[in-house]
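Source file: protein.cif (mmCIF, C-alpha atoms)
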data_data
loop_
_atom_site.label_atom_id
_atom_site.label_comp_id
_atom_site.auth_asym_id
_atom_site.auth_seq_id
_atom_site.Cartn_x
_atom_site.Cartn_y
_atom_site.Cartn_z
CA MET A 1 211.37 37.06 42.57
CA LYS A 2 214.10 39.20 44.13
CA CYS A 3 213.20 42.28 46.17
CA LYS A 4 214.90 44.56 43.64
CA THR A 5 212.74 43.20 40.85
CA ALA A 6 209.69 43.34 43.10
CA LYS A 7 210.27 47.05 43.78
CA HIS A 8 210.41 47.77 40.07
CA GLN A 9 207.26 45.72 39.50
CA MET A 10 205.46 47.45 42.38
CA ALA A 11 206.00 50.84 40.78
CA LEU A 12 204.26 49.50 37.68
CA ALA A 13 201.61 47.51 39.50
CA VAL A 14 200.41 50.56 41.39
CA GLY A 15 199.24 52.13 38.12
CA GLU A 16 197.94 48.84 36.73
CA ASP A 17 200.79 48.60 34.25
CA LEU A 18 201.55 44.92 34.78
CA THR A 19 200.16 41.87 33.06
CA PRO A 20 197.97 39.51 35.16
CA ALA A 21 200.81 36.98 35.25
CA GLU A 22 203.27 39.59 36.53
CA ILE A 23 200.76 40.73 39.16
CA GLN A 24 200.35 37.16 40.41
CA GLU A 25 204.09 36.71 40.67
CA LEU A 26 204.44 39.98 42.57
CA HIS A 27 201.55 39.01 44.82
CA ARG A 28 203.29 35.79 45.77
CA HIS A 29 206.46 37.72 46.64
CA LEU A 30 204.56 40.24 48.75
CA GLN A 31 202.98 37.48 50.80
CA ASP A 32 206.43 36.33 51.87
CA CYS A 33 208.32 39.66 52.18
CA SER A 34 207.35 42.14 54.89
CA ASN A 35 209.84 44.76 53.66
CA CYS A 36 208.30 44.78 50.23
CA GLN A 37 204.82 44.90 51.75
CA GLN A 38 205.79 48.14 53.44
CA THR A 39 207.18 49.51 50.20
CA TRP A 40 204.00 48.49 48.42
CA GLU A 41 201.91 50.52 50.87
CA GLN A 42 204.13 53.53 50.35
CA HIS A 43 203.83 53.19 46.60
CA GLN A 44 200.08 53.11 46.92
CA ARG A 45 200.11 56.28 49.01
CA GLY A 46 202.38 58.08 46.56
CA PHE A 47 200.24 57.07 43.62
CA ALA A 48 197.10 58.15 45.48
CA VAL A 49 198.60 61.62 45.92
CA LEU A 50 199.13 61.91 42.18
CA GLN A 51 195.65 60.69 41.39
CA HIS A 52 194.10 62.94 44.01
CA SER A 53 195.94 65.92 42.61
CA ARG A 54 194.71 65.02 39.15
CA THR A 55 191.06 64.61 40.05
CA ASN A 56 190.89 67.84 42.05
CA GLU A 57 192.78 69.77 39.48
CA THR A 58 191.45 73.05 38.21
CA ARG A 59 192.49 73.05 34.62
CA PRO A 60 192.41 76.04 32.40
CA LYS A 61 190.28 75.35 29.39
CA SER A 62 191.46 76.86 26.18
CA ASP A 63 189.44 78.39 23.39
CA SER A 64 189.70 76.80 20.00
CA VAL A 65 192.86 77.72 18.16
CA TRP A 66 191.19 76.97 14.84
CA PRO A 67 189.91 80.49 13.94
CA THR A 68 193.40 81.97 14.31
CA LEU A 69 195.10 78.92 12.90
CA SER A 70 192.90 78.75 9.79
CA GLN A 71 193.78 82.38 9.06
CA ARG A 72 197.47 81.56 9.42
CA LEU A 73 197.07 78.53 7.16
CA ARG A 74 195.39 80.65 4.48
CA GLU A 75 198.30 83.10 4.67
CA HIS A 76 200.72 80.18 4.58
CA ASP A 77 199.06 78.75 1.46
CA ALA A 78 198.84 82.15 -0.23
CA ALA A 79 202.49 83.01 0.38
CA PRO A 80 204.73 82.13 -2.56
CA GLN A 81 206.43 78.90 -1.74
CA ARG A 82 210.15 78.84 -2.06
CA GLY A 83 210.92 76.57 -4.99
CA GLU A 84 212.69 73.43 -4.12
CA PHE A 85 216.22 72.96 -5.40
CA ASN A 86 215.95 71.46 -8.86
CA GLY A 87 219.01 69.38 -9.57
CA TRP A 88 218.19 68.96 -13.26
CA ILE A 89 218.22 72.70 -13.90
CA ALA A 90 221.57 73.01 -12.14
CA ALA A 91 223.01 70.06 -14.07
CA LEU A 92 221.80 71.47 -17.39
CA ALA A 93 223.25 74.88 -16.58
CA VAL A 94 226.64 73.37 -15.71
CA THR A 95 226.64 71.24 -18.88
CA ALA A 96 225.76 74.24 -21.03
CA ALA A 97 228.53 76.25 -19.42
CA CYS A 98 231.03 73.46 -20.07
CA VAL A 99 230.00 73.23 -23.73
CA VAL A 100 230.40 76.99 -24.18
CA LEU A 101 233.82 76.95 -22.51
CA PHE A 102 234.92 74.02 -24.67
CA VAL A 103 233.89 75.71 -27.93
CA PHE A 104 235.46 79.04 -27.05
CA SER A 105 238.72 77.50 -25.86
CA PHE A 106 239.18 75.79 -29.25
CA GLU A 107 238.33 78.93 -31.15
CA ASP A 108 241.23 80.65 -29.36
CA SER A 109 243.76 77.91 -30.29
CA PRO A 110 243.10 77.04 -33.96
CA SER A 111 246.26 74.91 -34.22
CA LEU A 112 244.62 72.14 -32.22
CA ALA A 113 241.37 70.63 -33.19
CA LEU A 114 240.27 73.05 -35.86
CA HIS A 115 243.45 72.68 -37.98
CA PRO A 116 244.74 69.15 -37.54
CA GLN A 117 246.63 69.27 -40.87
CA ARG A 118 249.25 71.50 -39.24
CA GLY A 119 250.31 68.59 -37.12
CA VAL A 120 251.72 66.68 -40.11
CA SER A 121 253.84 69.41 -41.62
CA SER A 122 257.06 67.88 -42.95
CA GLY A 123 260.12 68.07 -40.80
CA GLY A 124 258.36 69.62 -37.85
CA THR A 125 259.14 68.85 -34.21
CA MET A 126 256.33 66.85 -32.84
CA VAL A 127 255.08 66.31 -29.37
CA THR A 128 253.21 63.14 -28.83
CA SER A 129 251.08 62.52 -25.85
CA PRO A 130 252.18 59.32 -24.12
CA SER A 131 248.66 58.42 -23.17
CA ASN A 132 247.31 58.33 -26.70
CA SER A 133 250.37 58.02 -28.84
CA GLY A 134 249.77 58.10 -32.53
CA GLN A 135 246.43 59.80 -32.23
CA THR A 136 246.93 63.40 -31.25
CA VAL A 137 250.15 64.73 -32.65
CA ARG A 138 250.62 68.34 -31.97
CA PRO A 139 253.22 70.38 -33.91
CA LEU A 140 255.21 72.65 -31.70
CA LEU A 141 257.46 74.34 -34.21
CA ARG A 142 258.28 74.02 -37.86
CA ARG A 143 261.87 73.35 -38.99
CA ASP A 144 262.49 76.97 -40.04
CA GLU A 145 261.23 78.07 -36.65
CA VAL A 146 263.63 75.65 -34.97
CA GLN A 147 266.58 76.94 -36.98
CA THR A 148 265.95 80.55 -36.02
CA MET A 149 265.51 79.70 -32.41
CA ARG A 150 267.94 81.10 -29.89
CA PRO A 151 269.87 78.65 -27.71
CA TYR A 152 268.81 78.69 -24.10
CA ASN A 153 272.04 80.39 -23.03
CA ALA A 154 272.28 82.85 -25.90
CA ALA A 155 272.73 86.47 -25.05
CA PRO A 156 269.85 88.80 -25.64
CA LYS A 157 269.31 89.82 -29.21
CA VAL A 158 270.78 93.28 -29.69
CA ASP A 159 271.33 93.89 -33.35
CA GLY A 160 269.05 91.39 -35.03
CA SER A 161 271.66 88.58 -35.17
CA LEU A 162 272.41 85.83 -32.73
CA ARG A 163 275.56 85.91 -30.67
CA ASP A 164 277.68 82.76 -30.72
CA PRO A 165 277.19 81.20 -27.29
CA LYS A 166 280.76 79.81 -27.40
CA LEU A 167 282.28 83.29 -27.49
CA PRO A 168 283.08 84.83 -24.15
CA VAL A 169 280.91 87.69 -23.11
CA THR A 170 283.04 90.77 -23.04
CA GLU A 171 280.53 93.31 -21.93
CA MET B 1 193.95 84.86 24.02
CA MET B 2 191.09 84.38 26.48
CA THR B 3 191.15 81.45 28.79
CA MET B 4 188.64 80.38 31.36
CA LEU B 5 188.99 78.16 34.32
CA GLU B 6 186.82 75.23 34.79
CA HIS B 7 186.88 71.94 36.59
CA ASP B 8 187.84 69.48 33.99
CA ALA B 9 185.90 66.29 34.01
CA GLN B 10 188.35 63.45 33.79
CA THR B 11 187.76 62.38 30.28
CA ASP B 12 189.24 59.10 29.29
CA GLU B 13 190.32 60.14 25.88
CA SER B 14 192.88 58.14 24.09
CA LEU B 15 194.91 58.85 21.03
CA HIS B 16 192.61 56.62 19.02
CA GLU B 17 190.35 58.51 16.76
CA SER B 18 186.83 59.17 17.89
CA SER B 19 183.62 58.88 15.93
CA GLY B 20 183.11 60.46 12.54
CA SER B 21 185.64 60.38 9.76
CA SER B 22 188.82 58.55 10.56
CA ASP B 23 191.99 60.53 11.10
CA ALA B 24 193.52 58.90 8.04
CA ARG B 25 190.67 60.08 5.80
CA LEU B 26 190.89 63.60 7.22
CA VAL B 27 194.65 63.65 6.71
CA GLU B 28 194.21 62.54 3.10
CA ALA B 29 191.62 65.26 2.51
CA ALA B 30 193.85 67.87 4.17
CA ARG B 31 196.72 66.79 1.94
CA ARG B 32 194.51 67.49 -1.06
CA GLY B 33 193.99 71.02 0.28
CA ASP B 34 190.73 70.55 2.18
CA GLN B 35 191.19 72.97 5.06
CA ALA B 36 187.87 72.04 6.64
CA ALA B 37 189.17 68.48 7.04
CA TYR B 38 192.27 69.78 8.74
CA GLY B 39 190.05 71.96 10.92
CA GLU B 40 188.21 68.84 12.05
CA LEU B 41 191.51 67.22 13.00
CA VAL B 42 192.56 70.33 14.90
CA GLN B 43 189.31 70.50 16.82
CA ARG B 44 189.53 66.81 17.58
CA TYR B 45 192.91 67.09 19.28
CA GLU B 46 193.50 70.72 20.29
CA HIS B 47 192.18 70.64 23.85
CA ARG B 48 194.07 67.54 24.81
CA LEU B 49 197.21 68.80 23.13
CA ALA B 50 196.95 72.15 24.93
CA ARG B 51 196.41 70.34 28.25
CA VAL B 52 199.47 68.14 27.72
CA ILE B 53 201.59 71.15 26.79
CA HIS B 54 200.21 73.02 29.80
CA ARG B 55 201.51 70.20 32.00
CA PHE B 56 205.01 71.28 31.06
CA VAL B 57 204.79 75.03 30.59
CA HIS B 58 202.20 75.90 33.30
CA ASP B 59 200.92 78.85 31.31
CA MET B 60 197.74 78.41 29.32
CA ASP B 61 198.44 81.25 26.88
CA MET B 62 201.82 79.76 26.09
CA ALA B 63 200.27 76.29 25.86
CA GLU B 64 197.78 77.58 23.29
CA ASP B 65 200.51 79.31 21.31
CA LEU B 66 202.59 76.15 21.30
CA ALA B 67 199.55 74.07 20.30
CA GLN B 68 198.96 76.45 17.41
CA GLU B 69 202.60 76.19 16.37
CA THR B 70 202.31 72.41 16.57
CA PHE B 71 199.30 72.36 14.24
CA LEU B 72 201.04 74.69 11.83
CA LYS B 73 204.13 72.49 11.78
CA VAL B 74 202.00 69.38 11.34
CA TYR B 75 200.19 71.04 8.41
CA GLU B 76 203.52 71.81 6.75
CA ARG B 77 204.65 68.22 7.25
CA LEU B 78 201.45 66.42 6.28
CA GLU B 79 203.15 65.03 3.20
CA GLN B 80 205.70 63.31 5.43
CA PHE B 81 203.07 61.59 7.55
CA ASP B 82 203.03 57.82 7.13
CA SER B 83 199.34 57.02 6.62
CA SER B 84 199.83 53.48 7.87
CA ARG B 85 200.48 54.89 11.34
CA ARG B 86 198.16 56.70 13.73
CA PHE B 87 197.90 60.43 13.50
CA GLY B 88 197.49 61.12 17.24
CA PRO B 89 200.91 59.94 18.46
CA TRP B 90 202.58 61.69 15.54
CA LEU B 91 200.85 64.96 16.40
CA PHE B 92 201.68 64.64 20.10
CA ARG B 93 205.28 63.78 19.33
CA ILE B 94 205.66 67.02 17.38
CA GLY B 95 203.84 68.93 20.13
CA VAL B 96 205.91 67.46 22.97
CA ASN B 97 209.18 68.04 21.08
CA LEU B 98 208.21 71.62 20.33
CA THR B 99 207.37 72.16 24.01
CA LEU B 100 210.62 70.62 25.20
CA ASP B 101 212.57 72.77 22.74
CA TYR B 102 210.77 75.83 24.10
CA LEU B 103 211.57 74.83 27.69
CA ARG B 104 215.22 74.23 26.85
CA ARG B 105 215.50 77.64 25.22
CA LYS B 106 213.82 79.16 28.25
CA LYS B 107 216.21 77.32 30.56
CA ARG B 108 219.21 78.59 28.60
CA ARG B 109 217.86 82.13 28.87
CA GLY B 110 217.37 81.49 32.59
CA ARG B 111 220.98 80.43 32.94
CA TRP B 112 222.04 83.59 31.18
CA SER B 113 219.92 85.70 33.48
CA LEU B 114 221.71 84.11 36.43
CA PHE B 115 224.77 85.99 35.25
CA THR B 116 222.96 89.18 34.39
CA ASP B 117 220.74 89.38 37.51
CA ARG B 118 223.49 88.61 39.94
CA PHE B 119 221.83 90.11 42.96
CA LYS B 120 218.47 88.48 42.50
CA ASP B 121 217.10 86.64 45.52
CA LYS B 122 218.06 83.01 45.54
CA SER B 123 215.06 80.72 45.09
CA PRO B 124 214.41 78.36 47.99
CA ASP B 125 215.58 74.79 47.80
CA PRO B 126 212.54 72.78 46.68
CA ALA B 127 213.80 69.76 48.57
CA VAL B 128 213.23 71.55 51.87
CA ALA B 129 209.69 72.18 52.96
CA ASP B 130 208.94 75.84 53.51
CA PRO B 131 206.98 76.15 56.76
CA ARG B 132 205.98 79.76 56.00
CA LYS B 133 203.95 78.81 53.01
CA ALA B 134 201.19 76.31 52.82
CA LEU B 135 201.03 75.24 49.26
CA ASP B 136 198.00 73.43 48.08
CA LEU B 137 198.24 69.90 46.81
CA GLN B 138 198.62 70.75 43.14
CA GLN B 139 201.43 73.18 43.77
CA GLU B 140 203.13 70.71 46.03
CA VAL B 141 202.82 67.90 43.49
CA GLN B 142 204.09 70.28 40.84
CA LYS B 143 207.15 71.13 42.90
CA VAL B 144 207.95 67.48 43.42
CA LEU B 145 207.48 66.75 39.74
CA GLN B 146 209.96 69.49 38.89
CA MET B 147 212.59 67.64 40.93
CA ILE B 148 212.33 64.58 38.70
CA PRO B 149 214.59 64.54 35.62
CA GLU B 150 212.81 65.50 32.43
CA LYS B 151 212.84 62.11 30.71
CA TYR B 152 211.10 60.47 33.68
CA ARG B 153 208.82 63.42 34.37
CA ILE B 154 207.43 63.39 30.84
CA VAL B 155 206.50 59.73 31.11
CA LEU B 156 204.96 60.21 34.56
CA ALA B 157 202.94 63.23 33.44
CA LEU B 158 201.66 61.50 30.31
CA ARG B 159 200.79 58.25 32.09
CA ASP B 160 199.57 59.27 35.54
CA LEU B 161 198.26 62.75 34.87
CA GLU B 162 197.13 62.57 31.25
CA ASN B 163 196.19 58.90 31.16
CA PHE B 164 198.12 57.92 28.05
CA SER B 165 198.84 54.20 27.77
CA THR B 166 202.47 53.07 27.82
CA SER B 167 202.23 52.06 24.15
CA GLU B 168 200.92 55.53 23.27
CA ILE B 169 203.75 57.16 25.21
CA ALA B 170 206.19 54.90 23.37
CA ALA B 171 204.75 56.10 20.07
CA VAL B 172 204.78 59.75 21.15
CA LEU B 173 208.35 59.66 22.47
CA HIS B 174 209.56 57.30 19.76
CA ARG B 175 210.96 54.83 22.27
CA LYS B 176 210.41 51.14 22.89
CA GLU B 177 207.57 50.32 25.25
CA ALA B 178 210.03 48.50 27.52
CA THR B 179 211.99 51.74 27.86
CA ILE B 180 208.82 53.62 28.72
CA ARG B 181 207.89 51.05 31.37
CA TRP B 182 211.36 51.31 32.87
CA ARG B 183 211.15 55.10 32.95
CA LEU B 184 207.66 54.98 34.40
CA ALA B 185 208.76 52.74 37.26
CA GLU B 186 211.77 54.97 37.88
CA ALA B 187 209.61 58.11 37.75
CA ARG B 188 207.14 56.72 40.29
CA HIS B 189 210.00 55.72 42.57
CA ARG B 190 211.45 59.18 42.34
CA PHE B 191 208.12 60.89 42.90
CA GLN B 192 207.57 58.87 46.04
CA TYR B 193 211.12 59.47 47.22
CA TYR B 194 210.94 63.26 46.86
CA TRP B 195 207.40 63.40 48.16
CA GLY B 196 208.45 61.50 51.25
CA LYS B 197 211.51 63.71 51.66
CA ARG B 198 209.44 66.88 51.59
CA HIS B 199 206.70 65.60 53.84
CA GLY B 200 208.76 63.63 56.26
CA THR B 201 207.03 60.37 55.46
CA ALA B 202 208.82 57.10 55.16
CA MET B 203 210.68 56.45 51.95
CA PRO B 204 210.98 53.24 50.06
CA GLU B 205 213.75 51.25 51.62
CA ASN B 206 217.05 51.01 49.82
CA PHE B 207 215.97 53.55 47.32
CA THR B 208 217.80 56.67 46.38
CA PRO B 209 217.60 58.02 42.89
CA SER B 210 220.89 57.33 41.25
CA GLU B 211 222.51 58.42 38.07
CA SER B 212 223.07 54.77 37.20
CA ALA B 213 219.38 54.56 36.44
CA GLU B 214 219.89 57.16 33.72
CA SER B 215 221.96 54.81 31.63
CA LYS B 216 219.93 51.69 32.30
CA ASP B 217 216.87 52.84 30.48
CA GLU B 218 218.44 53.44 27.09
CA MET B 219 217.08 50.19 25.77
#

Written form, structure tokens:
Amino acid sequence: MKCKTAKHQMALAVGEDLTPAEIQELHRHLQDCSNCQQTWEQHQRGFAVLQHSRTNETRPKSDSVWPTLSQRLREHDAAPQRGEFNGWIAALAVTAACVVLFVFSFEDSPSLALHPQRGVSSGGTMVTSPSNSGQTVRPLLRRDEVQTMRPYNAAPKVDGSLRDPKLPVTE
Amino acid sequence: MMTMLEHDAQTDESLHESSGSSDARLVEAARRGDQAAYGELVQRYEHRLARVIHRFVHDMDMAEDLAQETFLKVYERLEQFDSSRRFGPWLFRIGVNLTLDYLRRKKRRGRWSLFTDRFKDKSPDPAVADPRKALDLQQEVQKVLQMIPEKYRIVLALRDLENFSTSEIAAVLHRKEATIRWRLAEARHRFQYYWGKRHGTAMPENFTPSESAESKDEM
């Protein structure tokens, strides 16, 4: 055993915190090492101080906390407990809100789901979603609507007719 | 709250339950709402808990208040208690943690007051013996204990002053027993070192408390 290890073991041995085997090993080291013997005596003195202080100690003795504590526990039990967070209620509320939003959004745009027959009007300009082509075909404008549509660069409508975009603007 | 002083016979209590109903049965009954059962648990442990807390706060009224807070917290957490484990270490762990939290808050307030009470008298260096004042043994031991870092001091106080076993301390502090043994050895070294320094007695050779020891014990 090295002296460093012996010093660590001595600190434990002094309070009887070593196994019998460890004590024997330490004992063998102490027989051969005068330095460690000195340290061992000092450890014993230090430990004796602690033990002496403990045995002569005047300790305050407390009254029982139970009378006060039992009153506090009764108050604690009587107080309304804050309900724990219920995930199911929150999930149901969110689902219900989504359903309501879904229904109302379709009521506002009848051309979509509520009137699918408008999507197959003859000659209409169709917009087809690339993700589900052939399934949801949404009519944007009917042919007559397309014909009356102003070109993108047409001048503002002034007298109810459309200005020819090829004519120069003289105003 | 009234306190009275008396010489305390050195009882060799342990955290194992004493006679009567087992802790586990009382905990089960308390969980079902039997307050009398919880009362029995409280009365079984309260004096030792208050004594342990008093080791750290040195004020019996505060120790009783903290013990009461501990029992209240334990009552609120009874559902979380693992019945396959012992109740005592669990209770003391909550009590010690509560006490350490209190001391840390107090220390922070103390630091703040250093700035607010700028002209307060400086406290004497505890490492230097004060010849004007003859402190009795307990006070002197207490002063030396205060010089030991908290994590070692707790182990020393629980083992050498409150007679907990190293396995009980391990359960209370939620550390491996090997760690507790390391800290105990280090704490005893440090106690002897500072005691020798204050009283001019020989110190263990080649020993000075080092910060390197702080990292070694995190096993």

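Straight-line separation from atom CA of Met10 of chain A to atom CA of Phe92 of chain B: 28.4 Å.
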
For this session: Would you work out the distance separating atom CA of His54 of chain B from atom CA of Met147 of chain B, expressed in Å to one decimal?
Result: 17.5 Å

Problem set entry | Nearest candidate to chain B (options A:Leu18, A:Leu92, A:Ala97, A:Met1; using only C-alpha atoms) | A:Leu18

Exercise. So what do you get for atom CA of Glu162 of chain B versus atom CA of Val52 of chain B, distance-wise?
Worked result: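 Interatomic distance here is 7.0 Å.
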
Exercise. Counting only C-alpha atoms, which of A:Ala48, A:Ala91, A:Val103, A:Leu73 gets nearest to chain B?
Worked result: A:Leu73

For this session: Run the PyMOL selection byres ((chain A) within 9 of (chain B)) against the file shown and list the residues it catches, as an MDAnalysis selection string.
Result: chainID A and resid 7:12 15 17 35:36 38:40 42:43 45:47 49:66 68:70 72:74
